[in-house]
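Trainee: So that you have it, the file is target.pdb, and it contains PDB, C-alpha atoms, pLDDT in the B column:
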ATOM      1  CA  MET A 988      -0.602  -7.871 -15.032  1.00 74.00           C
ATOM      2  CA  ASP A 989       2.379  -9.998 -14.040  1.00 88.00           C
ATOM      3  CA  TYR A 990       4.542  -8.647 -11.248  1.00 93.00           C
ATOM      4  CA  SER A 991       7.745 -10.255 -10.021  1.00 94.00           C
ATOM      5  CA  ASP A 992       7.863 -11.773  -6.554  1.00 96.00           C
ATOM      6  CA  LYS A 993      10.181  -8.940  -5.545  1.00 96.00           C
ATOM      7  CA  VAL A 994       7.655  -6.283  -6.628  1.00 95.00           C
ATOM      8  CA  MET A 995       4.927  -8.080  -4.684  1.00 96.00           C
ATOM      9  CA  ASP A 996       7.182  -8.321  -1.616  1.00 97.00           C
ATOM     10  CA  HIS A 997       7.976  -4.586  -1.654  1.00 97.00           C
ATOM     11  CA  PHE A 998       4.309  -3.760  -2.249  1.00 95.00           C
ATOM     12  CA  THR A 999       2.983  -5.931   0.583  1.00 96.00           C
ATOM     13  CA  ASN A1000       5.933  -5.294   2.938  1.00 97.00           C
ATOM     14  CA  PRO A1001       7.248  -1.831   2.046  1.00 97.00           C
ATOM     15  CA  ARG A1002      10.535  -0.812   3.613  1.00 97.00           C
ATOM     16  CA  ASN A1003      11.103   2.644   5.104  1.00 98.00           C
ATOM     17  CA  CYS A1004       7.486   3.756   4.685  1.00 97.00           C
ATOM     18  CA  ARG A1005       7.102   6.702   7.046  1.00 98.00           C
ATOM     19  CA  LYS A1006       7.203  10.466   7.227  1.00 98.00           C
ATOM     20  CA  MET A1007      10.613  11.627   8.433  1.00 98.00           C
ATOM     21  CA  GLU A1008      10.208  14.622  10.736  1.00 95.00           C
ATOM     22  CA  ASP A1009      13.910  15.561  10.819  1.00 96.00           C
ATOM     23  CA  ALA A1010      14.618  15.164   7.088  1.00 97.00           C
ATOM     24  CA  ASN A1011      17.011  17.687   5.613  1.00 96.00           C
ATOM     25  CA  GLY A1012      15.876  16.973   2.049  1.00 98.00           C
ATOM     26  CA  VAL A1013      12.340  16.312   0.789  1.00 98.00           C
ATOM     27  CA  GLY A1014      11.179  15.606  -2.749  1.00 98.00           C
ATOM     28  CA  THR A1015       7.610  15.236  -3.944  1.00 98.00           C
ATOM     29  CA  VAL A1016       6.599  14.262  -7.471  1.00 97.00           C
ATOM     30  CA  GLY A1017       3.376  13.115  -9.043  1.00 94.00           C
ATOM     31  CA  ASN A1018       1.900  11.845 -12.251  1.00 88.00           C
ATOM     32  CA  PRO A1019      -1.365  13.600 -13.116  1.00 85.00           C
ATOM     33  CA  THR A1020      -2.314  10.892 -15.613  1.00 84.00           C
ATOM     34  CA  CYS A1021      -2.332   7.966 -13.186  1.00 85.00           C
ATOM     35  CA  GLY A1022      -2.662   9.940  -9.945  1.00 89.00           C
ATOM     36  CA  ASP A1023       0.427   8.518  -8.205  1.00 92.00           C
ATOM     37  CA  LEU A1024       1.991  10.907  -5.666  1.00 96.00           C
ATOM     38  CA  MET A1025       5.341  10.160  -4.042  1.00 97.00           C
ATOM     39  CA  THR A1026       7.427  11.922  -1.381  1.00 98.00           C
ATOM     40  CA  ILE A1027      10.990  10.893  -0.528  1.00 98.00           C
ATOM     41  CA  TYR A1028      12.643  12.091   2.695  1.00 98.00           C
ATOM     42  CA  ILE A1029      16.415  12.001   3.187  1.00 98.00           C
ATOM     43  CA  LYS A1030      18.690  12.610   6.148  1.00 98.00           C
ATOM     44  CA  VAL A1031      22.190  13.467   4.943  1.00 97.00           C
ATOM     45  CA  GLU A1032      25.353  13.577   7.034  1.00 96.00           C
ATOM     46  CA  ASP A1033      28.825  14.129   5.581  1.00 95.00           C
ATOM     47  CA  ASN A1034      27.452  13.927   2.021  1.00 95.00           C
ATOM     48  CA  VAL A1035      26.010  10.425   2.637  1.00 97.00           C
ATOM     49  CA  ILE A1036      22.336   9.441   2.819  1.00 98.00           C
ATOM     50  CA  GLN A1037      22.150   8.091   6.362  1.00 98.00           C
ATOM     51  CA  ASP A1038      18.371   7.620   6.457  1.00 98.00           C
ATOM     52  CA  ILE A1039      15.669   7.626   3.793  1.00 98.00           C
ATOM     53  CA  SER A1040      11.935   7.065   3.841  1.00 98.00           C
ATOM     54  CA  PHE A1041       8.873   7.605   1.687  1.00 98.00           C
ATOM     55  CA  GLN A1042       5.152   8.198   1.593  1.00 98.00           C
ATOM     56  CA  THR A1043       3.372   7.143  -1.576  1.00 96.00           C
ATOM     57  CA  PHE A1044      -0.235   7.364  -2.618  1.00 95.00           C
ATOM     58  CA  GLY A1045      -0.630   5.197  -5.684  1.00 92.00           C
ATOM     59  CA  CYS A1046      -0.635   1.774  -7.218  1.00 91.00           C
ATOM     60  CA  GLY A1047       1.285  -1.258  -6.030  1.00 92.00           C
ATOM     61  CA  ALA A1048       4.121  -0.597  -8.481  1.00 93.00           C
ATOM     62  CA  ALA A1049       4.520   2.967  -7.161  1.00 94.00           C
ATOM     63  CA  ILE A1050       4.732   1.679  -3.596  1.00 96.00           C
ATOM     64  CA  ALA A1051       7.201  -1.049  -4.588  1.00 96.00           C
ATOM     65  CA  THR A1052       9.457   1.364  -6.489  1.00 95.00           C
ATOM     66  CA  SER A1053       9.400   3.808  -3.567  1.00 96.00           C
ATOM     67  CA  SER A1054      10.391   1.051  -1.193  1.00 97.00           C
ATOM     68  CA  MET A1055      13.132  -0.202  -3.509  1.00 97.00           C
ATOM     69  CA  ILE A1056      14.714   3.192  -4.102  1.00 97.00           C
ATOM     70  CA  THR A1057      15.094   3.646  -0.355  1.00 98.00           C
ATOM     71  CA  GLU A1058      17.031   0.382  -0.183  1.00 97.00           C
ATOM     72  CA  ILE A1059      19.209   1.306  -3.164  1.00 97.00           C
ATOM     73  CA  ALA A1060      20.025   4.860  -1.987  1.00 98.00           C
ATOM     74  CA  VAL A1061      20.725   4.441   1.733  1.00 98.00           C
ATOM     75  CA  GLY A1062      24.447   4.620   2.467  1.00 98.00           C
ATOM     76  CA  LYS A1063      25.280   6.190  -0.890  1.00 98.00           C
ATOM     77  CA  THR A1064      26.886   9.587  -1.381  1.00 97.00           C
ATOM     78  CA  LEU A1065      24.652  12.242  -2.878  1.00 97.00           C
ATOM     79  CA  GLU A1066      26.561  11.996  -6.156  1.00 96.00           C
ATOM     80  CA  GLU A1067      26.058   8.226  -6.293  1.00 97.00           C
ATOM     81  CA  ALA A1068      22.361   8.594  -5.444  1.00 97.00           C
ATOM     82  CA  LEU A1069      21.862  11.175  -8.199  1.00 96.00           C
ATOM     83  CA  ASN A1070      22.992   8.530 -10.696  1.00 96.00           C
ATOM     84  CA  ILE A1071      20.286   6.009  -9.724  1.00 96.00           C
ATOM     85  CA  SER A1072      18.091   5.627 -12.788  1.00 93.00           C
ATOM     86  CA  ARG A1073      14.593   4.338 -13.371  1.00 90.00           C
ATOM     87  CA  ASN A1074      16.145   1.294 -15.016  1.00 92.00           C
ATOM     88  CA  ASP A1075      18.200   0.624 -11.876  1.00 95.00           C
ATOM     89  CA  VAL A1076      14.995   0.589  -9.827  1.00 94.00           C
ATOM     90  CA  ALA A1077      13.175  -1.664 -12.287  1.00 92.00           C
ATOM     91  CA  GLU A1078      16.131  -4.074 -12.514  1.00 95.00           C
ATOM     92  CA  GLU A1079      16.378  -4.359  -8.717  1.00 95.00           C
ATOM     93  CA  LEU A1080      12.676  -5.240  -8.678  1.00 95.00           C
ATOM     94  CA  GLU A1081      13.317  -7.922 -11.321  1.00 95.00           C
ATOM     95  CA  GLY A1082      11.277  -6.013 -13.883  1.00 91.00           C
ATOM     96  CA  LEU A1083       8.095  -4.031 -14.165  1.00 91.00           C
ATOM     97  CA  PRO A1084       5.365  -4.280 -16.775  1.00 89.00           C
ATOM     98  CA  PRO A1085       6.006  -1.659 -19.502  1.00 88.00           C
ATOM     99  CA  VAL A1086       2.836   0.225 -18.556  1.00 88.00           C
ATOM    100  CA  LYS A1087       4.225   0.613 -14.994  1.00 88.00           C
ATOM    101  CA  MET A1088       7.730   1.847 -15.889  1.00 84.00           C
ATOM    102  CA  HIS A1089       6.597   5.409 -15.175  1.00 81.00           C
ATOM    103  CA  CYS A1090       6.413   4.368 -11.499  1.00 78.00           C
ATOM    104  CA  SER A1091      10.151   3.734 -11.385  1.00 79.00           C
ATOM    105  CA  ASN A1092      10.561   7.119 -13.065  1.00 86.00           C
ATOM    106  CA  LEU A1093       8.677   8.711 -10.179  1.00 92.00           C
ATOM    107  CA  ALA A1094      10.878   7.030  -7.576  1.00 93.00           C
ATOM    108  CA  ALA A1095      14.116   8.160  -9.250  1.00 93.00           C
ATOM    109  CA  ASP A1096      12.685  11.638  -9.841  1.00 94.00           C
ATOM    110  CA  ALA A1097      11.518  12.017  -6.229  1.00 97.00           C
ATOM    111  CA  LEU A1098      14.977  11.064  -4.959  1.00 97.00           C
ATOM    112  CA  GLN A1099      16.594  13.615  -7.264  1.00 96.00           C
ATOM    113  CA  VAL A1100      14.181  16.327  -6.095  1.00 97.00           C
ATOM    114  CA  ALA A1101      14.938  15.442  -2.445  1.00 98.00           C
ATOM    115  CA  ILE A1102      18.676  15.763  -3.116  1.00 97.00           C
ATOM    116  CA  GLU A1103      18.140  19.077  -4.928  1.00 96.00           C
ATOM    117  CA  ASN A1104      16.091  20.249  -1.936  1.00 97.00           C
ATOM    118  CA  TYR A1105      18.917  19.215   0.395  1.00 97.00           C
ATOM    119  CA  TYR A1106      21.402  21.246  -1.647  1.00 95.00           C
ATOM    120  CA  GLU A1107      19.043  24.266  -1.744  1.00 94.00           C
ATOM    121  CA  ASN A1108      18.582  24.161   2.035  1.00 91.00           C
ATOM    122  CA  ASN A1109      22.261  23.671   2.751  1.00 87.00           C
ATOM    123  CA  VAL A1110      24.019  25.866   0.174  1.00 71.00           C
ATOM    124  CA  GLU A1111      25.452  28.138   2.829  1.00 58.00           C
ATOM    125  CA  SER A1112      26.740  25.299   4.990  1.00 52.00           C
ATOM    126  CA  ILE A1113      28.202  23.514   1.937  1.00 48.00           C
ATOM    127  CA  ALA A1114      29.884  26.716   0.695  1.00 47.00           C
ATOM    128  CA  ASN A1115      31.505  27.233   4.099  1.00 48.00           C
ATOM    129  CA  LYS A1116      33.171  23.795   4.135  1.00 48.00           C
TER     130      LYS A1116
END
What does this structure look like when you write it as structure tokens?
Mentor:
Amino acid sequence: MDYSDKVMDHFTNPRNCRKMEDANGVGTVGNPTCGDLMTIYIKVEDNVIQDISFQTFGCGAAIATSSMITEIAVGKTLEEALNISRNDVAEELEGLPPVKMHCSNLAADALQVAIENYYENNVESIANK
């Protein structure tokens, strides 16, 4: 399988790969077919993702997409981050083989679940603003 240099770089040197103990939003998704499991952690302040990290158990493409989505999402508002698509992730990685596109789906999905979790955990504080 041919991977871009950027995919290989994010696979061999993943950015933001760590469990975040003080996250205020966490999203975990998996693909039962391939076995990939991905968790995204976000720290949100004033509606902006100030810090983001991930833990991924899966193939090189899953690790690369996890790493890339953290770079794309940091500094964005929650609304902007919710609009990050699987195609955005794949394009930033300079392409993925078609059989690995589901990995970029997982990264975008995990981020969306983390944001939903943030909103669920902070409904009261958001409603009081």
Trainee: For the file shown, report as number ranges by chain the outcome of the PyMOL selection byres ((chain A and resi 1049-1054) around 9) at residue level.
Mentor: A: 993-1004, 1023-1027, 1040-1048, 1055-1058, 1076-1077, 1080, 1087, 1089-1095, 1097
Trainee: Quick check on the file I pasted: which residues fall under the PyMOL selection byres ((chain A and resi 1033) around 12)? Write them as a PyMOL selection string.
Mentor: chain A and resi 1030-1032+1034-1037+1062-1065+1109+1112-1113+1116
Trainee: To one decimal place, how far is atom CA of Glu1067 of chain A from atom CA of Pro1084 of chain A in Å?
Mentor: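 Atom-to-atom, atom CA of Glu1067 of chain A and atom CA of Pro1084 of chain A are spaced 26.4 Å apart.
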Trainee: What does the distance between atom CA of Val1086 of chain A and atom CA of Ile1039 of chain A come to in Å, to one decimal place?
Mentor: 26.8 Å
Trainee: Find the residue from A:Asn1104, A:Asn1011, A:Ser991, A:Thr1020 that sits nearest to Leu1083 of chain A; use all atoms listed in the file when measuring.
Mentor: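 Distance minimum relative to Leu1083 of chain A lands on A:Ser991.
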Trainee: Counting only C-alpha atoms, which residue out of A:Glu1107, A:Asp1096, A:Asp1038, A:Asp992 sits closest to Asn1070 of chain A?
Mentor: A:Asp1096
Trainee: Nearest to Ala1010 of chain A: which of A:Ile1029, A:Tyr1105, A:Gln1099, A:Gly1022 is it, counting only C-alpha atoms?
Mentor: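 Nearest to Ala1010 of chain A: A:Ile1029.
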Trainee: One decimal, in Å: what's the spacing between atom CA of Gly1014 of chain A and atom CA of Glu1078 of chain A?
Mentor: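 Between these atoms lies a distance of 22.5 Å.
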Trainee: Measuring between all atoms listed in the file, which one of A:Met988, A:Val1061, A:Met1007, A:Cys1021 shows the shortest distance to Pro1085 of chain A?
Mentor: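 Counting all atoms listed in the file, the residue closest to Pro1085 of chain A is A:Met988.
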Trainee: Which of these residues is nearest to Met1088 of chain A, using only C-alpha atoms: A:Tyr1028, A:Val1100, A:Asn1074, A:Asp1009?
Mentor: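 Among A:Tyr1028, A:Val1100, A:Asn1074, A:Asp1009, it is A:Asn1074 that comes nearest to Met1088 of chain A.
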